[in-house]
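Data file: protein.txt. Format and content: compact mmCIF, C-alpha atoms and all ligand atoms.
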# COMPACT_ATOMS: atom_id res chain seq x y z
CA MET F 143 6.48 13.72 18.78
CA ASN F 144 8.04 16.73 17.08
CA HIS F 145 11.84 16.85 17.31
CA SER F 146 12.47 20.13 15.51
CA PRO F 147 14.49 22.74 17.42
CA PRO F 148 12.47 25.08 19.62
CA ASN F 149 11.15 28.02 17.67
CA LEU F 150 9.55 29.86 20.53
CA THR F 151 11.05 31.15 23.79
CA VAL F 152 9.02 33.07 26.36
CA ARG F 153 9.98 34.31 29.81
CA ALA F 154 8.16 35.66 32.84
CA PRO F 155 9.84 37.09 35.95
CA GLY F 156 9.26 36.50 39.65
CA ARG F 157 8.35 39.33 42.02
CA ILE F 158 8.90 40.68 45.48
CA ASN F 159 6.46 42.95 47.25
CA LEU F 160 7.94 46.13 48.72
CA ILE F 161 4.90 46.83 50.86
CA GLY F 162 1.16 46.02 50.85
CA ASP F 163 0.62 42.40 51.77
CA HIS F 164 -2.76 40.75 52.23
CA THR F 165 -4.44 43.82 50.80
CA ASP F 166 -5.00 42.72 47.20
CA TYR F 167 -7.93 40.36 47.79
CA THR F 168 -9.93 43.14 49.46
CA GLY F 169 -9.31 45.66 46.69
CA GLY F 170 -6.49 47.53 48.46
CA PHE F 171 -3.07 48.81 47.42
CA VAL F 172 0.10 46.81 46.74
CA LEU F 173 3.59 47.78 45.58
CA PRO F 174 5.34 44.76 44.04
CA MET F 175 8.42 44.79 41.87
CA THR F 176 9.56 42.26 39.28
CA LEU F 177 12.91 40.55 39.69
CA ASP F 178 15.64 39.83 37.20
CA LEU F 179 14.98 36.11 37.72
CA HIS F 180 12.81 34.35 35.19
CA THR F 181 10.93 31.22 34.26
CA THR F 182 11.52 30.27 30.64
CA ILE F 183 9.55 27.99 28.33
CA LYS F 184 11.14 26.96 25.03
CA GLY F 185 9.53 24.76 22.45
CA THR F 186 7.59 24.17 19.28
CA PHE F 187 3.91 23.94 18.43
CA THR F 188 2.67 20.55 17.27
CA ASN F 189 -0.48 19.13 15.70
CA GLU F 190 -1.14 16.89 18.71
CA ARG F 191 -3.84 17.62 21.30
CA VAL F 192 -1.33 17.69 24.18
CA TRP F 193 1.27 19.88 25.80
CA ARG F 194 4.45 18.02 26.65
CA LEU F 195 6.61 20.04 29.03
CA GLU F 196 9.88 18.79 30.39
CA SER F 197 11.51 20.23 33.47
CA GLU F 198 15.15 19.24 33.85
CA SER F 199 14.90 18.72 37.58
CA HIS F 200 11.20 18.08 38.16
CA GLY F 201 10.10 15.55 35.52
CA THR F 202 7.97 15.65 32.38
CA ALA F 203 4.30 16.57 32.21
CA ILE F 204 1.84 15.59 29.55
CA ILE F 205 -1.26 17.75 29.60
CA ASP F 206 -4.21 16.83 27.43
CA LEU F 207 -5.73 19.95 25.87
CA ASP F 208 -9.19 18.64 26.74
CA ILE F 209 -8.22 18.19 30.39
CA GLU F 210 -11.01 18.68 32.95
CA ARG F 211 -9.21 18.35 36.31
CA PRO F 212 -5.97 20.36 36.32
CA HIS F 213 -5.64 19.95 40.10
CA GLN F 214 -5.00 16.23 39.62
CA VAL F 215 -2.16 16.55 37.10
CA GLU F 216 1.23 15.04 37.97
CA PRO F 217 3.93 16.13 38.50
CA GLN F 218 2.43 18.80 40.73
CA TRP F 219 4.19 21.78 39.14
CA ALA F 220 2.30 21.01 35.93
CA ARG F 221 -1.00 21.90 37.62
CA TYR F 222 -0.22 25.56 36.99
CA PRO F 223 0.20 25.30 33.21
CA ALA F 224 -2.74 22.89 33.15
CA GLY F 225 -4.87 25.44 35.04
CA VAL F 226 -3.91 28.18 32.59
CA LEU F 227 -4.80 26.04 29.57
CA VAL F 228 -8.19 25.26 31.11
CA GLU F 229 -8.85 28.94 31.83
CA LEU F 230 -7.80 30.06 28.36
CA ARG F 231 -9.98 27.36 26.82
CA SER F 232 -12.95 28.53 28.86
CA LEU F 233 -12.39 32.03 27.44
CA GLY F 234 -12.82 30.53 23.99
CA THR F 235 -9.11 30.56 23.11
CA PRO F 236 -8.25 27.88 20.54
CA LEU F 237 -5.34 25.85 21.94
CA ARG F 238 -2.54 24.23 19.98
CA GLY F 239 -0.31 21.32 20.96
CA PHE F 240 3.15 22.19 22.21
CA THR F 241 6.29 20.35 23.16
CA GLY F 242 9.12 21.98 25.02
CA THR F 243 11.10 22.57 28.17
CA VAL F 244 10.55 24.67 31.25
CA SER F 245 13.31 26.02 33.44
CA THR F 246 13.50 28.65 36.11
CA GLU F 247 16.01 30.84 37.90
CA LEU F 248 13.47 31.33 40.67
CA PRO F 249 13.79 29.31 43.85
CA ILE F 250 10.60 27.30 44.42
CA GLY F 251 8.68 27.85 47.67
CA ALA F 252 10.59 31.05 48.43
CA GLY F 253 7.62 33.39 48.12
CA LEU F 254 8.90 34.94 44.89
CA SER F 255 5.86 33.88 42.84
CA SER F 256 7.46 31.12 40.83
CA SER F 257 3.95 29.73 40.33
CA ALA F 258 2.59 32.98 38.88
CA ALA F 259 5.68 33.26 36.63
CA LEU F 260 4.95 29.76 35.30
CA GLU F 261 1.30 30.66 34.74
CA VAL F 262 2.14 33.84 32.85
CA ALA F 263 4.83 32.11 30.75
CA THR F 264 2.32 29.37 29.86
CA ALA F 265 -0.31 31.92 28.84
CA ARG F 266 2.23 33.76 26.70
CA VAL F 267 3.16 30.54 24.89
CA ALA F 268 -0.47 29.58 24.33
CA LEU F 269 -1.38 32.98 22.93
CA ASN F 270 1.73 33.07 20.77
CA GLY F 271 0.66 29.91 19.01
CA LEU F 272 -2.38 31.54 17.53
CA PRO F 273 -2.51 33.41 14.25
CA GLY F 274 -3.25 37.11 14.81
CA ASP F 275 -6.88 36.89 13.69
CA SER F 276 -7.78 34.06 16.08
CA ARG F 277 -5.96 35.55 19.09
CA PRO F 278 -8.47 36.68 21.71
CA THR F 279 -8.18 40.30 22.75
CA LEU F 280 -7.03 39.75 26.31
CA ASP F 281 -5.70 42.89 27.93
CA ASP F 282 -3.24 42.72 30.82
CA VAL F 283 -5.98 42.59 33.43
CA ALA F 284 -7.95 39.85 31.65
CA LEU F 285 -4.79 37.80 31.26
CA ALA F 286 -3.86 38.32 34.91
CA ARG F 287 -7.40 37.31 35.95
CA ALA F 288 -7.16 34.12 33.86
CA CYS F 289 -3.82 33.24 35.51
CA GLN F 290 -5.20 34.08 38.97
CA ARG F 291 -8.16 31.74 38.36
CA ALA F 292 -5.69 29.11 37.12
CA GLU F 293 -3.83 29.29 40.43
CA PHE F 294 -7.11 28.64 42.24
CA THR F 295 -8.12 25.85 39.84
CA ALA F 296 -4.70 24.23 40.20
CA THR F 297 -4.19 24.51 43.95
CA GLY F 298 -7.37 25.77 45.61
CA ILE F 299 -5.53 28.85 46.92
CA PRO F 300 -7.85 31.86 46.72
CA CYS F 301 -5.02 34.25 45.87
CA GLY F 302 -5.45 37.89 44.92
CA ILE F 303 -4.32 39.46 41.66
CA MET F 304 -1.04 41.06 42.77
CA ASP F 305 1.42 38.41 41.58
CA GLN F 306 -0.02 37.80 38.13
CA LEU F 307 -0.74 41.46 37.33
CA SER F 308 2.64 42.68 38.55
CA ILE F 309 4.46 39.99 36.55
CA ILE F 310 2.53 40.87 33.40
CA THR F 311 2.90 44.65 33.72
CA GLY F 312 6.15 45.01 35.68
CA GLU F 313 9.28 46.63 34.33
CA PHE F 314 12.68 45.86 35.78
CA GLY F 315 13.94 48.73 37.95
CA TYR F 316 10.46 49.99 38.73
CA ALA F 317 7.94 49.04 41.35
CA THR F 318 4.31 48.71 40.32
CA LEU F 319 1.63 50.40 42.38
CA ILE F 320 -1.60 48.49 41.87
CA ASP F 321 -4.97 49.75 43.01
CA CYS F 322 -6.68 46.38 43.38
CA THR F 323 -10.15 47.95 43.10
CA SER F 324 -9.75 49.87 39.83
CA LEU F 325 -6.82 47.65 38.74
CA ASP F 326 -4.99 50.79 37.68
CA VAL F 327 -1.27 50.17 37.49
CA THR F 328 1.27 52.96 38.06
CA ARG F 329 5.03 52.61 37.55
CA VAL F 330 7.05 53.85 40.52
CA ARG F 331 10.71 54.55 39.91
CA ILE F 332 13.15 53.24 42.50
CA PRO F 333 15.51 56.17 43.15
CA ASP F 334 19.23 55.63 42.61
CA SER F 335 20.00 56.49 46.25
CA VAL F 336 18.39 53.26 47.47
CA ARG F 337 18.87 49.61 46.68
CA ILE F 338 16.41 46.80 47.24
CA GLU F 339 17.57 43.35 48.27
CA HIS F 340 15.55 40.19 48.75
CA ARG F 341 16.93 37.55 51.07
CA PHE F 342 15.67 33.99 51.26
CA ILE F 343 14.98 32.83 54.82
CA THR F 344 12.81 29.67 54.88
CA SER F 345 10.80 27.60 52.41
CA ARG F 346 7.08 27.76 52.55
CA THR F 347 4.01 26.86 50.59
CA LEU F 348 0.65 28.61 50.72
CA VAL F 349 -1.06 25.26 50.05
CA GLY F 350 -2.27 24.04 53.43
CA SER F 351 -1.14 27.28 55.11
CA GLU F 352 -3.41 29.76 56.87
CA TYR F 353 -3.56 31.94 53.72
CA ALA F 354 -7.07 30.74 52.87
CA ASP F 355 -8.17 31.36 56.50
CA ARG F 356 -7.04 34.98 56.24
CA VAL F 357 -8.98 35.42 53.00
CA ALA F 358 -12.06 33.90 54.68
CA GLN F 359 -11.67 36.19 57.70
CA CYS F 360 -11.48 39.24 55.44
CA ARG F 361 -14.66 38.11 53.67
CA GLU F 362 -16.36 37.74 57.04
CA ILE F 363 -15.25 41.25 58.02
CA GLU F 364 -16.58 42.68 54.77
CA SER F 365 -19.91 40.93 55.23
CA THR F 366 -20.33 42.99 58.43
CA ILE F 367 -18.76 46.35 57.65
CA GLY F 368 -18.71 46.43 53.83
CA PRO F 369 -15.64 46.78 51.61
CA LEU F 370 -12.43 47.13 53.65
CA ARG F 371 -11.13 49.53 51.04
CA GLN F 372 -13.77 52.06 52.08
CA ALA F 373 -13.81 51.28 55.80
CA SER F 374 -12.35 53.44 58.53
CA ILE F 375 -11.04 52.56 61.94
CA ILE F 376 -14.37 53.39 63.67
CA ASP F 377 -16.11 50.72 61.59
CA LEU F 378 -14.00 48.11 63.36
CA ASP F 379 -16.09 48.55 66.54
CA ARG F 380 -18.90 46.76 64.68
CA LEU F 381 -16.85 43.57 64.48
CA ASP F 382 -17.62 41.10 67.21
CA SER F 383 -14.24 39.45 67.66
CA ASP F 384 -10.79 40.68 68.58
CA VAL F 385 -9.24 38.53 65.88
CA LEU F 386 -11.38 40.06 63.13
CA ARG F 387 -10.62 43.56 64.46
CA GLN F 388 -6.89 42.78 64.29
CA ARG F 389 -7.14 41.46 60.73
CA ALA F 390 -9.11 44.51 59.63
CA ARG F 391 -6.67 46.86 61.37
CA HIS F 392 -3.82 45.31 59.41
CA VAL F 393 -5.59 45.81 56.10
CA LEU F 394 -6.60 49.42 56.82
CA SER F 395 -3.17 50.42 58.13
CA GLU F 396 -1.32 48.54 55.35
CA ASN F 397 -3.33 50.31 52.63
CA LEU F 398 -2.30 53.64 54.16
CA ARG F 399 1.32 52.54 54.46
CA VAL F 400 1.51 51.66 50.76
CA GLN F 401 0.35 55.13 49.79
CA GLU F 402 2.65 56.79 52.34
CA PHE F 403 5.58 54.68 51.10
CA VAL F 404 5.08 55.81 47.50
CA ASP F 405 4.84 59.38 48.75
CA ALA F 406 8.00 59.01 50.86
CA LEU F 407 9.93 57.67 47.83
CA SER F 408 8.78 60.61 45.73
CA ARG F 409 10.03 63.03 48.43
CA SER F 410 13.31 61.07 48.73
CA ASP F 411 12.43 60.49 52.39
CA PHE F 412 14.00 57.04 52.53
CA VAL F 413 14.16 56.96 56.32
CA GLU F 414 10.37 57.25 56.38
CA ALA F 415 10.08 54.59 53.66
CA GLY F 416 12.17 52.25 55.83
CA ARG F 417 10.08 53.04 58.91
CA LEU F 418 6.91 52.15 57.00
CA MET F 419 8.41 48.78 55.99
CA VAL F 420 9.20 47.99 59.61
CA ALA F 421 5.68 49.07 60.67
CA SER F 422 4.27 46.79 57.98
CA HIS F 423 6.29 43.88 59.30
CA ARG F 424 5.08 44.58 62.86
CA SER F 425 1.52 44.57 61.60
CA SER F 426 2.09 41.17 59.99
CA ILE F 427 3.25 39.91 63.40
CA ASP F 428 0.72 41.54 65.72
CA ASP F 429 -2.43 41.97 63.65
CA PHE F 430 -2.35 39.65 60.67
CA GLN F 431 -0.26 36.94 62.34
CA THR F 432 1.36 35.72 59.13
CA SER F 433 4.97 36.05 60.26
CA THR F 434 7.13 33.44 61.99
CA PRO F 435 9.95 33.74 64.54
CA ALA F 436 12.53 32.94 61.83
CA MET F 437 11.23 35.77 59.65
CA ASP F 438 11.15 38.17 62.62
CA ASP F 439 14.76 37.30 63.53
CA ALA F 440 15.83 37.83 59.93
CA VAL F 441 14.18 41.26 59.83
CA GLU F 442 15.72 42.25 63.19
CA SER F 443 19.18 41.17 62.12
CA ALA F 444 18.91 42.95 58.73
CA LEU F 445 17.92 46.15 60.55
CA ARG F 446 21.21 46.03 62.50
CA GLU F 447 23.29 46.01 59.30
CA PRO F 448 24.94 49.29 58.25
CA GLY F 449 23.02 51.22 55.60
CA VAL F 450 19.75 49.34 56.13
CA LEU F 451 16.72 51.64 56.33
CA GLY F 452 13.95 49.08 56.55
CA ALA F 453 13.08 45.41 56.17
CA ARG F 454 9.98 43.25 56.17
CA MET F 455 8.71 39.85 55.22
CA THR F 456 7.44 39.93 51.63
CA GLY F 457 4.48 38.07 50.13
CA GLY F 458 1.93 35.70 51.54
CA GLY F 459 3.87 34.93 54.70
CA PHE F 460 4.64 31.93 56.92
CA GLY F 461 8.20 31.98 55.55
CA GLY F 462 9.80 32.88 52.26
CA CYS F 463 11.92 36.00 51.76
CA ILE F 464 12.44 39.32 53.43
CA VAL F 465 12.86 42.52 51.45
CA ILE F 466 15.45 45.04 52.60
CA LEU F 467 15.80 48.73 51.76
CA HIS F 468 19.43 49.90 51.69
CA THR F 469 21.04 53.26 51.09
CA THR F 470 23.52 53.10 48.22
C1 LIG F 501 0.33 35.65 47.79
C2 LIG F 501 -0.89 35.82 46.88
C3 LIG F 501 -1.12 37.31 46.55
C4 LIG F 501 -1.14 38.16 47.81
C5 LIG F 501 0.06 37.84 48.70
C6 LIG F 501 -0.02 38.57 50.02
O1 LIG F 501 1.49 36.01 47.09
O2 LIG F 501 -0.72 35.10 45.69
O3 LIG F 501 -2.31 37.45 45.82
O4 LIG F 501 -2.35 38.01 48.51
O5 LIG F 501 0.20 36.46 48.95
O6 LIG F 501 0.10 39.93 49.83
So that I can check it, write out the structure of this file as structure tokens.
Ligand code: GLA
Amino acid sequence: MNHSPPNLTVRAPGRINLIGDHTDYTGGFVLPMTLDLHTTIKGTFTNERVWRLESESHGTAIIDLDIERPHQVEPQWARYPAGVLVELRSLGTPLRGFTGTVSTELPIGAGLSSSAALEVATARVALNGLPGDSRPTLDDVALARACQRAEFTATGIPCGIMDQLSIITGEFGYATLIDCTSLDVTRVRIPDSVRIEHRFITSRTLVGSEYADRVAQCREIESTIGPLRQASIIDLDRLDSDVLRQRARHVLSENLRVQEFVDALSRSDFVEAGRLMVASHRSSIDDFQTSTPAMDDAVESALREPGVLGARMTGGGFGGCIVILHTT
């Protein structure tokens, strides 16, 4: 084992989503924003064929660079870096051994994408270890795709690309509008007259949640009416169940809300921006059914606070954090 002091430090932030949830995996619009809370990996490259990563509070992982089954790695958090190494290897990236520590300022299971931050930090370490001429040319989208596939390989969650792409491209103080069809990314400035707060409400995990069911329902909808991104409300009559109509209505209305929200910010119409957040939350209750009573109570109580313009649950749902828009 190599005991020299760490000569590499990389960081990747967590994210909240201002508006646009459960729209990324059908090619819709999302508006996430990176946080000033990071996951950090520090360490040194070695000549061994393993990664040894030590987490102060969650144990040490030893990941063989020839690993085949990242979803079986223990401790469980190490499945994410293992998944990333497998994905990078399958892209032909030469991998080097590494020994180091991992730490995070992000609460785990709070819906702030600590897993995507760990994936992106891992990928940054792995790519850093390569001399310039053997580094694959992975642009932001290709890197985000590799990390998205790693999440699926590691956990079986068929997540969209929002978390990984926003973490890779995000800039603190700006939101990131992502068109999940073209994968165009546009920086959206958060005006000084508003402040965004995230507030932790309850722990959750998407593993074993209904997240995968929602993705499957959206696929079923698209097999009948074609891409949701291009669908209109009349197309929903062709769906043969109320539940599928509700799910589709959420996606169509949420895609519109994201665009209207960006427009409202640009016009400094913050009251409208807040209204759209509340409408988005309502849609997650009534149509997408990803909210919980605890999250609804938290949104209601935030909306009663002075200076609050809007609030909604953020991220995959079933718990986690709410995001609140305040006047300054
Ligand atoms: C999770 C997934 C994202 C996205 C959100 C919901 O965070 O990882 O891809 O689908 O849920 O918007």
Using only C-alpha atoms and all ligand atoms, tabulate the residues of chain F lying at most 10 Å from any atom of ligand LIG 501 (chain F), each with its closest atom pair and that distance in Å to one decimal, by chain and increasing residue number, as JSON lines.
{"residue": "F:Arg157", "atom": "CA", "partner": "F:LIG501", "partner_atom": "O1", "distance": 9.2}
{"residue": "F:Ile158", "atom": "CA", "partner": "F:LIG501", "partner_atom": "O1", "distance": 8.9}
{"residue": "F:Asn159", "atom": "CA", "partner": "F:LIG501", "partner_atom": "O6", "distance": 7.5}
{"residue": "F:Ile161", "atom": "CA", "partner": "F:LIG501", "partner_atom": "O6", "distance": 8.5}
{"residue": "F:Gly162", "atom": "CA", "partner": "F:LIG501", "partner_atom": "O6", "distance": 6.3}
{"residue": "F:Asp163", "atom": "CA", "partner": "F:LIG501", "partner_atom": "O6", "distance": 3.2}
{"residue": "F:His164", "atom": "CA", "partner": "F:LIG501", "partner_atom": "O6", "distance": 3.8}
{"residue": "F:Thr165", "atom": "CA", "partner": "F:LIG501", "partner_atom": "O6", "distance": 6.1}
{"residue": "F:Asp166", "atom": "CA", "partner": "F:LIG501", "partner_atom": "O4", "distance": 5.6}
{"residue": "F:Tyr167", "atom": "CA", "partner": "F:LIG501", "partner_atom": "O4", "distance": 6.1}
{"residue": "F:Thr168", "atom": "CA", "partner": "F:LIG501", "partner_atom": "O4", "distance": 9.2}
{"residue": "F:Phe171", "atom": "CA", "partner": "F:LIG501", "partner_atom": "O6", "distance": 9.7}
{"residue": "F:Val172", "atom": "CA", "partner": "F:LIG501", "partner_atom": "O6", "distance": 7.5}
{"residue": "F:Leu173", "atom": "CA", "partner": "F:LIG501", "partner_atom": "O6", "distance": 9.6}
{"residue": "F:Pro174", "atom": "CA", "partner": "F:LIG501", "partner_atom": "O6", "distance": 9.2}
{"residue": "F:Gly253", "atom": "CA", "partner": "F:LIG501", "partner_atom": "O1", "distance": 6.7}
{"residue": "F:Leu254", "atom": "CA", "partner": "F:LIG501", "partner_atom": "O1", "distance": 7.8}
{"residue": "F:Ser255", "atom": "CA", "partner": "F:LIG501", "partner_atom": "O1", "distance": 6.5}
{"residue": "F:Ser256", "atom": "CA", "partner": "F:LIG501", "partner_atom": "O1", "distance": 9.9}
{"residue": "F:Ser257", "atom": "CA", "partner": "F:LIG501", "partner_atom": "O2", "distance": 8.9}
{"residue": "F:Ala258", "atom": "CA", "partner": "F:LIG501", "partner_atom": "O2", "distance": 7.9}
{"residue": "F:Gln290", "atom": "CA", "partner": "F:LIG501", "partner_atom": "O2", "distance": 8.1}
{"residue": "F:Glu293", "atom": "CA", "partner": "F:LIG501", "partner_atom": "O2", "distance": 8.4}
{"residue": "F:Phe294", "atom": "CA", "partner": "F:LIG501", "partner_atom": "O2", "distance": 9.7}
{"residue": "F:Ile299", "atom": "CA", "partner": "F:LIG501", "partner_atom": "O2", "distance": 8.0}
{"residue": "F:Pro300", "atom": "CA", "partner": "F:LIG501", "partner_atom": "O2", "distance": 7.9}
{"residue": "F:Cys301", "atom": "CA", "partner": "F:LIG501", "partner_atom": "O3", "distance": 4.2}
{"residue": "F:Gly302", "atom": "CA", "partner": "F:LIG501", "partner_atom": "O3", "distance": 3.3}
{"residue": "F:Ile303", "atom": "CA", "partner": "F:LIG501", "partner_atom": "O3", "distance": 5.0}
{"residue": "F:Met304", "atom": "CA", "partner": "F:LIG501", "partner_atom": "O3", "distance": 4.9}
{"residue": "F:Asp305", "atom": "CA", "partner": "F:LIG501", "partner_atom": "C3", "distance": 5.7}
{"residue": "F:Gln306", "atom": "CA", "partner": "F:LIG501", "partner_atom": "O3", "distance": 8.0}
{"residue": "F:Leu307", "atom": "CA", "partner": "F:LIG501", "partner_atom": "O3", "distance": 9.5}
{"residue": "F:Thr347", "atom": "CA", "partner": "F:LIG501", "partner_atom": "C1", "distance": 9.9}
{"residue": "F:Leu348", "atom": "CA", "partner": "F:LIG501", "partner_atom": "C1", "distance": 7.6}
{"residue": "F:Tyr353", "atom": "CA", "partner": "F:LIG501", "partner_atom": "O5", "distance": 7.6}
{"residue": "F:Ala354", "atom": "CA", "partner": "F:LIG501", "partner_atom": "O4", "distance": 9.7}
{"residue": "F:Arg356", "atom": "CA", "partner": "F:LIG501", "partner_atom": "O4", "distance": 9.5}
{"residue": "F:Val357", "atom": "CA", "partner": "F:LIG501", "partner_atom": "O4", "distance": 8.4}
{"residue": "F:Thr432", "atom": "CA", "partner": "F:LIG501", "partner_atom": "C6", "distance": 9.6}
{"residue": "F:Thr456", "atom": "CA", "partner": "F:LIG501", "partner_atom": "O6", "distance": 7.6}
{"residue": "F:Gly457", "atom": "CA", "partner": "F:LIG501", "partner_atom": "C6", "distance": 4.5}
{"residue": "F:Gly458", "atom": "CA", "partner": "F:LIG501", "partner_atom": "O5", "distance": 3.2}
{"residue": "F:Gly459", "atom": "CA", "partner": "F:LIG501", "partner_atom": "O5", "distance": 7.0}
Those residues with C-alpha atoms, as a PDB file, in the frame of the given file please?
ATOM      1  CA  ARG F 157       8.350  39.330  42.020  1.00  0.00           C
ATOM      2  CA  ILE F 158       8.900  40.680  45.480  1.00  0.00           C
ATOM      3  CA  ASN F 159       6.460  42.950  47.250  1.00  0.00           C
ATOM      4  CA  ILE F 161       4.900  46.830  50.860  1.00  0.00           C
ATOM      5  CA  GLY F 162       1.160  46.020  50.850  1.00  0.00           C
ATOM      6  CA  ASP F 163       0.620  42.400  51.770  1.00  0.00           C
ATOM      7  CA  HIS F 164      -2.760  40.750  52.230  1.00  0.00           C
ATOM      8  CA  THR F 165      -4.440  43.820  50.800  1.00  0.00           C
ATOM      9  CA  ASP F 166      -5.000  42.720  47.200  1.00  0.00           C
ATOM     10  CA  TYR F 167      -7.930  40.360  47.790  1.00  0.00           C
ATOM     11  CA  THR F 168      -9.930  43.140  49.460  1.00  0.00           C
ATOM     12  CA  PHE F 171      -3.070  48.810  47.420  1.00  0.00           C
ATOM     13  CA  VAL F 172       0.100  46.810  46.740  1.00  0.00           C
ATOM     14  CA  LEU F 173       3.590  47.780  45.580  1.00  0.00           C
ATOM     15  CA  PRO F 174       5.340  44.760  44.040  1.00  0.00           C
ATOM     16  CA  GLY F 253       7.620  33.390  48.120  1.00  0.00           C
ATOM     17  CA  LEU F 254       8.900  34.940  44.890  1.00  0.00           C
ATOM     18  CA  SER F 255       5.860  33.880  42.840  1.00  0.00           C
ATOM     19  CA  SER F 256       7.460  31.120  40.830  1.00  0.00           C
ATOM     20  CA  SER F 257       3.950  29.730  40.330  1.00  0.00           C
ATOM     21  CA  ALA F 258       2.590  32.980  38.880  1.00  0.00           C
ATOM     22  CA  GLN F 290      -5.200  34.080  38.970  1.00  0.00           C
ATOM     23  CA  GLU F 293      -3.830  29.290  40.430  1.00  0.00           C
ATOM     24  CA  PHE F 294      -7.110  28.640  42.240  1.00  0.00           C
ATOM     25  CA  ILE F 299      -5.530  28.850  46.920  1.00  0.00           C
ATOM     26  CA  PRO F 300      -7.850  31.860  46.720  1.00  0.00           C
ATOM     27  CA  CYS F 301      -5.020  34.250  45.870  1.00  0.00           C
ATOM     28  CA  GLY F 302      -5.450  37.890  44.920  1.00  0.00           C
ATOM     29  CA  ILE F 303      -4.320  39.460  41.660  1.00  0.00           C
ATOM     30  CA  MET F 304      -1.040  41.060  42.770  1.00  0.00           C
ATOM     31  CA  ASP F 305       1.420  38.410  41.580  1.00  0.00           C
ATOM     32  CA  GLN F 306      -0.020  37.800  38.130  1.00  0.00           C
ATOM     33  CA  LEU F 307      -0.740  41.460  37.330  1.00  0.00           C
ATOM     34  CA  THR F 347       4.010  26.860  50.590  1.00  0.00           C
ATOM     35  CA  LEU F 348       0.650  28.610  50.720  1.00  0.00           C
ATOM     36  CA  TYR F 353      -3.560  31.940  53.720  1.00  0.00           C
ATOM     37  CA  ALA F 354      -7.070  30.740  52.870  1.00  0.00           C
ATOM     38  CA  ARG F 356      -7.040  34.980  56.240  1.00  0.00           C
ATOM     39  CA  VAL F 357      -8.980  35.420  53.000  1.00  0.00           C
ATOM     40  CA  THR F 432       1.360  35.720  59.130  1.00  0.00           C
ATOM     41  CA  THR F 456       7.440  39.930  51.630  1.00  0.00           C
ATOM     42  CA  GLY F 457       4.480  38.070  50.130  1.00  0.00           C
ATOM     43  CA  GLY F 458       1.930  35.700  51.540  1.00  0.00           C
ATOM     44  CA  GLY F 459       3.870  34.930  54.700  1.00  0.00           C
TER      45      GLY F 459
END
Problem set entry | Residue contacts of region 403-420 of chain F (6 Å, all atoms listed in the file) excluding same-chain residues fewer than 5 positions away, as a ChimeraX atom specification | /F:451-454
For region 358-373 of chain F, what centre and edge lengths in Å (one decimal) does the axis-aligned box get once 3 Å is added on each side of all its listed atoms, as lines of an AutoDock Vina configuration file?
center_x = -15.7
center_y = 43.0
center_z = 54.7
size_x = 15.2
size_y = 24.2
size_z = 13.4
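Of the listed residues (F:Ile367, F:Leu280, F:Leu237, F:Ile376), F:Leu237 comes nearest to Thr188 (chain F); the distances count only C-alpha atoms.
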Tell me, as a PDB file with C-alpha atoms, keeping the file's coordinate frame, which residues lie within 12 Å of Ile310 (chain F), counting all atoms listed in the file; anything in the same chain fewer than 5 positions away does not count.
ATOM      1  CA  ARG F 153       9.980  34.310  29.810  1.00  0.00           C
ATOM      2  CA  ALA F 154       8.160  35.660  32.840  1.00  0.00           C
ATOM      3  CA  PRO F 155       9.840  37.090  35.950  1.00  0.00           C
ATOM      4  CA  GLY F 156       9.260  36.500  39.650  1.00  0.00           C
ATOM      5  CA  ARG F 157       8.350  39.330  42.020  1.00  0.00           C
ATOM      6  CA  PRO F 174       5.340  44.760  44.040  1.00  0.00           C
ATOM      7  CA  MET F 175       8.420  44.790  41.870  1.00  0.00           C
ATOM      8  CA  THR F 176       9.560  42.260  39.280  1.00  0.00           C
ATOM      9  CA  ALA F 258       2.590  32.980  38.880  1.00  0.00           C
ATOM     10  CA  ALA F 259       5.680  33.260  36.630  1.00  0.00           C
ATOM     11  CA  LEU F 260       4.950  29.760  35.300  1.00  0.00           C
ATOM     12  CA  GLU F 261       1.300  30.660  34.740  1.00  0.00           C
ATOM     13  CA  VAL F 262       2.140  33.840  32.850  1.00  0.00           C
ATOM     14  CA  ALA F 263       4.830  32.110  30.750  1.00  0.00           C
ATOM     15  CA  ALA F 265      -0.310  31.920  28.840  1.00  0.00           C
ATOM     16  CA  ARG F 266       2.230  33.760  26.700  1.00  0.00           C
ATOM     17  CA  LEU F 280      -7.030  39.750  26.310  1.00  0.00           C
ATOM     18  CA  ASP F 281      -5.700  42.890  27.930  1.00  0.00           C
ATOM     19  CA  ASP F 282      -3.240  42.720  30.820  1.00  0.00           C
ATOM     20  CA  VAL F 283      -5.980  42.590  33.430  1.00  0.00           C
ATOM     21  CA  ALA F 284      -7.950  39.850  31.650  1.00  0.00           C
ATOM     22  CA  LEU F 285      -4.790  37.800  31.260  1.00  0.00           C
ATOM     23  CA  ALA F 286      -3.860  38.320  34.910  1.00  0.00           C
ATOM     24  CA  ARG F 287      -7.400  37.310  35.950  1.00  0.00           C
ATOM     25  CA  ALA F 288      -7.160  34.120  33.860  1.00  0.00           C
ATOM     26  CA  CYS F 289      -3.820  33.240  35.510  1.00  0.00           C
ATOM     27  CA  GLN F 290      -5.200  34.080  38.970  1.00  0.00           C
ATOM     28  CA  ILE F 303      -4.320  39.460  41.660  1.00  0.00           C
ATOM     29  CA  MET F 304      -1.040  41.060  42.770  1.00  0.00           C
ATOM     30  CA  ASP F 305       1.420  38.410  41.580  1.00  0.00           C
ATOM     31  CA  THR F 318       4.310  48.710  40.320  1.00  0.00           C
ATOM     32  CA  VAL F 327      -1.270  50.170  37.490  1.00  0.00           C
TER      33      VAL F 327
END
Exercise. For His392 (chain F), which residue among F:Arg380, F:Gly169, F:Val215, F:Ser425 is the nearest when counting only C-alpha atoms?
Worked result: F:Ser425
